[in-house]
Structure formats: C-alpha cells, structure tokens
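Reviewing the structure listed below.
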Amino acid sequence: MTAAVRGAAPAAQSRGRWAPQPDYANLVKGDPLGLICPISTRQVDQITVRLTALGVLLAALAAQALPALPIAALLVVDFLVRGFLPATWSPLATVARRLRAALPAPACPINAGPKVFAARLGFLMAAAAAACAYLGLALPARAILAGLALCAGLEAVAGVCLGCHIYTLLLRLTQRPRATAVTPLASPTPTAQPNGPAAASQSPC
C-alpha cells in the first residue's frame, strides 16, 4: 500500500481522514490478492492499532458471558469516535496508546485510511448488536459480537485488517474499472540500500 500512499495527497483528502479512490486507482502494487485500500493523509502506529483491536476482541468475548447490551453500547461509542471523530477521544484507543508508550518497540507508521474504514464497519456491526440486545434478541447480538471478535482478533494477532478486503469487494460490486485501472504501477528507480544494523533500524515494521 506504500506505493499508493506516496502519491495520494489530493486537496479533497485534506478535508477528511480518508477518501475512496475510484476505479482501482490505489491498487496495492505487487499484492497477489489485488487488494484496494482506502487511503488517507494521516498515519497511525500499527502496534497501537493492534492493541486497540485487542481491546475490541476482549470486550466482544466478554459479551458472550456477560450482558451484551452495555458492552455493545461501549463498542458503538468507541467505533463511532474512531470512525467519524478524532481518535484521541476513543476510550479503547486511549488505553492502547498508554500501553504502547510502555513498549520498547520502535514506531511502525501505517496509513490510517483502512483503519478508519474498518472502524466504520465495526460501528455498523456494534450498532446492530446493540439493537438486537436492546430488543431482547440475545443470540443474534452475541453472534454479531462473535463476528466482531473474529475481525478484531485477526487484526490484533496477525495484523490482518479485513477493511481492505471488504472495501475491495464493495468497489468490484459497485464500479467498473477502466481499462487503464489495472495497469501495473511503475517500478521506482532502484536505490542503494544500506546494509547492516542501519538497514534494520530503518525498517522497524
């Protein structure tokens, strides 16, 4: 996704955290799955994102044994903040940032676009679970939260964000790419790469 991110700074994106890129314009170079990701002008720390996902995982699992409504309501608020408002207001992200500060691992910046899109999907799922729980439909509520736990677990444990996969599917279902859209991105000019410890320190992710 880095090749797409470097060239993505249109004026329209400066007004929001992420903007859909139509017609497969941000096809991930070299990705065998042909993933297309929403991109943003912001970056976030990958470890903080995974710690936040761990919090979602634990909350969704707790809802399988505890009353689902209050936990689903908490997740609705958290995803609403992370998907549509400044993420600094998110309860789970705040806890994740404090835990991250205690870890010695170097920063690992990634594009925020897929994470914002995933948070908006999480908001829809959490809202559906909260509605089911409010109506007394405990089984559907717990089933939705179990699906949310699966998504958060993939992010927390393996760093796999389903946001790009769902975003790609939605684009393919709703848009027809132009003939030039699938043209491979030009390879950057090779540059000398440092060797030894310096090279490792420049690639902490």
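Chain labels A, B, ... are given in the sequence in which chains occur in the structure tokens; within each chain residues are numbered consecutively from 1, and ligands are likewise numbered from 1 in the order shown.
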
* Which neighbours of Asn111 (chain A) fall inside 7 Å, counting only C-alpha atoms, when residues of the same chain fewer than 3 positions from it are skipped, and could you give them as a PyMOL selection string? -> chain A and resi 39-40+42-44

Output C-alpha atoms for every residue in that selection, as a PDB file, in the first residue's frame.
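As a result, part12.pdb now contains:
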```pdb
ATOM      1  CA  ILE A  39      -6.077   5.856   1.747  1.00  0.00           C
ATOM      2  CA  SER A  40      -5.614   8.887   3.956  1.00  0.00           C
ATOM      3  CA  ARG A  42      -2.799  10.583   8.133  1.00  0.00           C
ATOM      4  CA  GLN A  43      -0.653   7.822   9.544  1.00  0.00           C
ATOM      5  CA  VAL A  44      -1.121   5.764  12.685  1.00  0.00           C
TER       6      VAL A  44
END
```

* To do: Select from region 40-128 of chain A everything DSSP, run on the backbone, classes as alpha helix (DSSP H), then give the selection as a count of residues only.
  => 61

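For region 10-182 of chain A, backbone-based DSSP labels the following residues as strand (DSSP E or B): Ala19, Leu27, Ile36, Ile39, Gln43, Val44, Asp45, Pro109, Ile110 and Asn111 of chain A.
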
Using only C-alpha atoms, tabulate the residues of region 28-76 of chain A lying at most 10 Å from any atom of region 80-89 of chain A, each with its closest atom pair and that distance in Å to one decimal, by chain and increasing residue number, as a tab-separated table.
```
residue	atom	partner	partner_atom	distance
A:Leu74	CA	A:Leu80	CA	9.9
A:Leu75	CA	A:Leu80	CA	8.2
A:Val76	CA	A:Leu80	CA	5.9
```

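You can rank A:Gly55, A:Pro67, A:Pro104, A:Pro114 by their closest distance to Thr168 (chain A) using only C-alpha atoms, and at the top of that list sits A:Pro114.
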
* **Residues near Leu51 (chain A), cut-off 6 Å, only C-alpha atoms, skip fewer than 3 positions along chain, as a PyMOL selection string** => chain A and resi 48+54+96

Any chance you can output those residues with N, CA and C atoms as a PDB file, in the first residue's frame?
```
ATOM      1  N   THR A  48      -0.152   0.362  18.046  1.00  0.00           N
ATOM      2  CA  THR A  48      -1.283   0.959  18.749  1.00  0.00           C
ATOM      3  C   THR A  48      -2.597   0.458  18.176  1.00  0.00           C
ATOM      4  N   LEU A  54      -7.086  -5.476  20.143  1.00  0.00           N
ATOM      5  CA  LEU A  54      -7.097  -6.423  21.259  1.00  0.00           C
ATOM      6  C   LEU A  54      -8.166  -6.041  22.277  1.00  0.00           C
ATOM      7  N   ALA A  96      -4.954   1.909  24.619  1.00  0.00           N
ATOM      8  CA  ALA A  96      -3.925   1.328  23.759  1.00  0.00           C
ATOM      9  C   ALA A  96      -2.704   2.232  23.661  1.00  0.00           C
TER      10      ALA A  96
END
```

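Restricting the calculation to only C-alpha atoms, the smallest distance between Ala129 (chain A) and any of A:Ala60, A:Val157, A:Ala102, A:Leu145 is found for A:Leu145.
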
* **Proximity to Pro91 (chain A) - best of A:Val56, A:Ala118, A:Leu139, A:Ala65, only C-alpha atoms** => A:Val56

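Between Leu137 (chain A) and the candidates A:Cys108, A:Leu150, A:Leu69, A:Leu61, the tightest atom-to-atom separation, counting only C-alpha atoms, involves A:Leu69.
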
* Selected residue, from A:Leu35, A:Leu57, A:Ile47, A:Leu66, that lies nearest to Ala133 (chain A) when counting only C-alpha atoms ->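 Distance minimum relative to Ala133 (chain A) lands on A:Leu66.
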
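The space between CA of Cys151 (chain A) and CA of Leu135 (chain A) spans 24.5 Å.
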
* CA of Ala72 (chain A) to CA of His165 (chain A), distance in Å rounded to a single decimal ->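 Spanning CA of Ala72 (chain A) to CA of His165 (chain A) is a straight-line distance of 24.1 Å.
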
* Closest of A:Gly113, A:Val77, A:Ile71, A:Ala158 to Arg50 (chain A) - atom-to-atom distances counting only C-alpha atoms ->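 Going through A:Gly113, A:Val77, A:Ile71, A:Ala158 one by one, the smallest distance to Arg50 (chain A) is for A:Ala158.
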